[in-house]
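Structure, as C-alpha cells:
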Amino acid sequence: MSRLDSFIRRMSAQRACLDAVTREIATLPGIVLELGLGNGRTFDHLRERLPDREIFVFDRRIAAHPDCIPDKAHMFLGDIREQLPLAAARLGRRAALIHCDMGSGRAAEDDALATEIAPLLQAMALPGCVVLSDQAFQQPGWHAEGLPDGVSPGRYFIYRVESRGNAD
Ligand SMILES: C[S@@+](CC[C@H](N)C(=O)[O-])C[C@H]1O[C@@H](n2cnc3c(N)ncnc32)[C@H](O)[C@@H]1O
C-alpha cells in the first residue's frame with residue numbers, strides 16, 4: 001500500500017469514528033472535549049457535525065489553521081496534565097463526548113499519558129459519555145465498544161462510560 005493510500009485509510013477511519021460517536025451522543029446533552037487541536041482538522045469536523053454543542057479544546061500550543069482556532073473561552077492552552085484539573089474545576093462533570101487525538105507515535109510515552117489522564121477525564125465524563133481515542137485506556141467503568149465497519153481494531157478505541165452511577 002502506498003503512503004498516500006495509508007494516509008487516506010487512516011483519515012477515513014478517523015472520520016468514520018467521529019461520525020459514529022457524534023451520532024451516538026445525539027440523545028445525551030453535554031459538552032465536547034477535544035484533546036489535541038493540532039492543525040484543527042478534527043475540531044473543525046466536530047463543530048460541523050455538532051453545531052449546537054460547546055466544544056472545549058486542549059493543546060500545549062496553537063498551530064492550527066487560522067479558521068480552526070477556538071476562542072479563548074474554549075481553549076485550554078498548556079500541558080494537558082495541568083489543564084485538565086483546571087478544566088474540571090471550571091466545567092465540572094458535563095462531557096458527553098471526549099475525543100483524544102494526542103498520539104505522538106512514541107508508544108511508551110503515549111501509553112503513560114493515557115494512563116495519567118484517564119482519571120482526570122473520568123472526573124469530567126457524564127454517565128453514558130462516549131470516549132473516542134487514538135490510544136487505549138484501561139479505566140474502570142469504561143466499556144469498549146465496536147468500531148465502525150472498515151476500521152481496523154487497534155487503530156482507534158471507543159469507550160462508553162458506565163451509565164449507572166459514577167465509575168470513579
Ligand atoms: C496528532 S496531533 C492532533 C491532531 C488534530 N486532532 C487534528 O485533527 O489536526 C496531537 C496534538 O496533541 C498535542 N499534545 C500532545 N501531548 C500533549 C500534552 N501533554 N499536553 C498538551 N497537548 C499535547 C500536540 O501538541 C499536538 O498538537
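Every chain in the C-alpha cells takes a letter, A first, then B, and so on in the order presented; its residues are numbered from 1, and the ligands are numbered from 1 following the presented order.
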| task | Name the residues, by chain letter and number, that sit within 6 Å of ligand 1 using only C-alpha atoms and all ligand atoms, and give them as a PyMOL selection string. | result | chain A and resi 36-42+59-61+78-80+101-103
May I have the residues from that selection written out with N, CA, C and O atoms, as a short mmCIF file (atom, residue, chain, number, x, y, z; two decimals), in the first residue's frame?
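Ended up saving to selection_12.cif:
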data_model
loop_
_atom_site.label_atom_id
_atom_site.label_comp_id
_atom_site.auth_asym_id
_atom_site.auth_seq_id
_atom_site.Cartn_x
_atom_site.Cartn_y
_atom_site.Cartn_z
N GLY A 36 -6.13 17.67 21.78
CA GLY A 36 -5.19 17.65 20.66
C GLY A 36 -5.76 18.47 19.51
O GLY A 36 -6.40 17.92 18.61
N LEU A 37 -5.54 19.80 19.56
CA LEU A 37 -6.03 20.66 18.47
C LEU A 37 -5.24 20.41 17.19
O LEU A 37 -5.83 20.34 16.10
N GLY A 38 -3.91 20.27 17.32
CA GLY A 38 -3.09 20.04 16.13
C GLY A 38 -3.34 21.12 15.09
O GLY A 38 -3.33 22.30 15.41
N ASN A 39 -3.62 20.70 13.85
CA ASN A 39 -3.92 21.73 12.86
C ASN A 39 -5.40 22.02 12.75
O ASN A 39 -5.83 22.77 11.87
N GLY A 40 -6.19 21.43 13.64
CA GLY A 40 -7.60 21.80 13.77
C GLY A 40 -8.56 20.99 12.92
O GLY A 40 -9.75 21.28 12.89
N ARG A 41 -8.04 19.94 12.27
CA ARG A 41 -8.92 19.18 11.37
C ARG A 41 -10.10 18.53 12.09
O ARG A 41 -11.24 18.66 11.67
N THR A 42 -9.80 17.81 13.18
CA THR A 42 -10.90 17.08 13.83
C THR A 42 -11.78 18.04 14.63
O THR A 42 -12.99 17.81 14.74
N ASP A 59 -4.57 21.86 23.98
CA ASP A 59 -3.28 21.60 23.32
C ASP A 59 -2.23 22.42 24.04
O ASP A 59 -2.53 23.42 24.69
N ARG A 60 -0.99 21.99 23.88
CA ARG A 60 0.08 22.75 24.54
C ARG A 60 0.46 23.98 23.74
O ARG A 60 1.10 24.88 24.26
N ARG A 61 0.04 24.00 22.48
CA ARG A 61 0.34 25.17 21.65
C ARG A 61 -0.73 25.33 20.58
O ARG A 61 -1.46 24.38 20.28
N GLY A 78 -1.73 24.63 27.21
CA GLY A 78 -0.70 24.18 28.15
C GLY A 78 -0.71 22.67 28.21
O GLY A 78 -1.47 22.02 27.48
N ASP A 79 0.14 22.13 29.06
CA ASP A 79 0.18 20.67 29.15
C ASP A 79 -1.16 20.14 29.65
O ASP A 79 -1.71 20.64 30.64
N ILE A 80 -1.62 19.12 28.99
CA ILE A 80 -2.95 18.56 29.30
C ILE A 80 -3.04 18.11 30.76
O ILE A 80 -4.09 18.20 31.37
N ASP A 101 -6.92 12.82 20.69
CA ASP A 101 -6.10 12.63 19.48
C ASP A 101 -4.74 13.25 19.76
O ASP A 101 -4.37 14.27 19.21
N MET A 102 -4.01 12.60 20.66
CA MET A 102 -2.78 13.20 21.16
C MET A 102 -1.57 12.34 20.87
O MET A 102 -0.47 12.65 21.33
N GLY A 103 -1.76 11.29 20.13
CA GLY A 103 -0.67 10.34 19.91
C GLY A 103 0.54 10.99 19.25
O GLY A 103 0.40 11.78 18.32
#
- DSSP helix (DSSP H, G or I) residues within segment 14-164 of chain A, listed as a VMD selection string: chain A and resid 14 to 24 41 to 49 66 to 68 72 to 74 80 to 91 107 to 122
Mind dumping a table of every segment 96-165 of chain A residue within 9 Å of segment 4-16 of chain A, with the nearest atom pair and its distance in Å to one decimal, using only C-alpha atoms, sorted by chain and rising number, as a Markdown table?
| residue | atom | partner | partner_atom | distance |
| --- | --- | --- | --- | --- |
| A:Asp134 | CA | A:Gln14 | CA | 8.9 |
| A:Leu147 | CA | A:Ala16 | CA | 8.9 |
| A:Pro148 | CA | A:Ala16 | CA | 6.5 |
| A:Asp149 | CA | A:Ala16 | CA | 8.4 |
| A:Gly150 | CA | A:Ala13 | CA | 7.3 |
| A:Val151 | CA | A:Ala13 | CA | 5.4 |
| A:Ser152 | CA | A:Ala13 | CA | 8.2 |
| A:Arg155 | CA | A:Ala13 | CA | 8.1 |
| A:Tyr156 | CA | A:Gln14 | CA | 7.7 |
Residues as selected, C-alpha atoms, written as a PDB file, in the first residue's frame, can you do that?
ATOM      1  CA  ASP A 134      -6.258   7.018  19.285  1.00  0.00           C
ATOM      2  CA  LEU A 147     -15.686   0.219  15.731  1.00  0.00           C
ATOM      3  CA  PRO A 148     -17.439   1.302  12.536  1.00  0.00           C
ATOM      4  CA  ASP A 149     -17.176  -1.031   9.537  1.00  0.00           C
ATOM      5  CA  GLY A 150     -13.824  -0.846   7.831  1.00  0.00           C
ATOM      6  CA  VAL A 151     -11.879   0.469  10.840  1.00  0.00           C
ATOM      7  CA  SER A 152      -9.167  -1.975  11.901  1.00  0.00           C
ATOM      8  CA  ARG A 155      -6.435   1.877  15.113  1.00  0.00           C
ATOM      9  CA  TYR A 156      -8.992   3.688  17.292  1.00  0.00           C
TER      10      TYR A 156
END
From the list A:Leu84, A:Ile98, A:Met75, A:Ile117, the nearest residue to Leu132 of chain A using only C-alpha atoms is A:Ile98
For this session: Would you list the contacts of segment 109-115 of chain A as a list in words, taking every protein, DNA or RNA residue within 7 Å and counting only C-alpha atoms, but skipping same-chain residues closer than 4 positions in sequence?
Result: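 Contacts, with the query itself left out: Gly103, Ser104, Gln135 and Phe137 of chain A.
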Cys100 of chain A proximity check over A:Leu46, A:Val131, A:Met1, A:Ile25, using only C-alpha atoms: winner is A:Val131
Worksheet item: So, counting only C-alpha atoms, which residue among A:Ala136, A:Ala123, A:Ile55, A:Ala89 is closest to Leu35 of chain A?
Response: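 Checking each of A:Ala136, A:Ala123, A:Ile55, A:Ala89 against Leu35 of chain A, counting only C-alpha atoms, the winner is A:Ile55.
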Members of segment 57-161 of chain A assigned strand (DSSP E) by DSSP, as a PyMOL selection string: chain A and resi 57-59+75-77+95-100+125-133+142-145+157-161
Min atom-atom distance to Phe157 of chain A from the set A:Ala88, A:Cys68, A:Cys17, A:Ile31, counting only C-alpha atoms, belongs to A:Cys17
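If you measure from each of A:Ala96, A:Val130, A:Ala108, A:Ala26 to Tyr159 of chain A using only C-alpha atoms, the closest one turns out to be A:Val130.
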_Between atom CA of Val32 of chain A and atom CA of Gly92 of chain A - distance in Å to one decimal_ =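 About the pair atom CA of Gly92 of chain A and atom CA of Val32 of chain A: they are 12.4 Å apart.
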Between atom CA of Pro153 of chain A and atom CA of Arg47 of chain A lies a distance of 26.1 Å
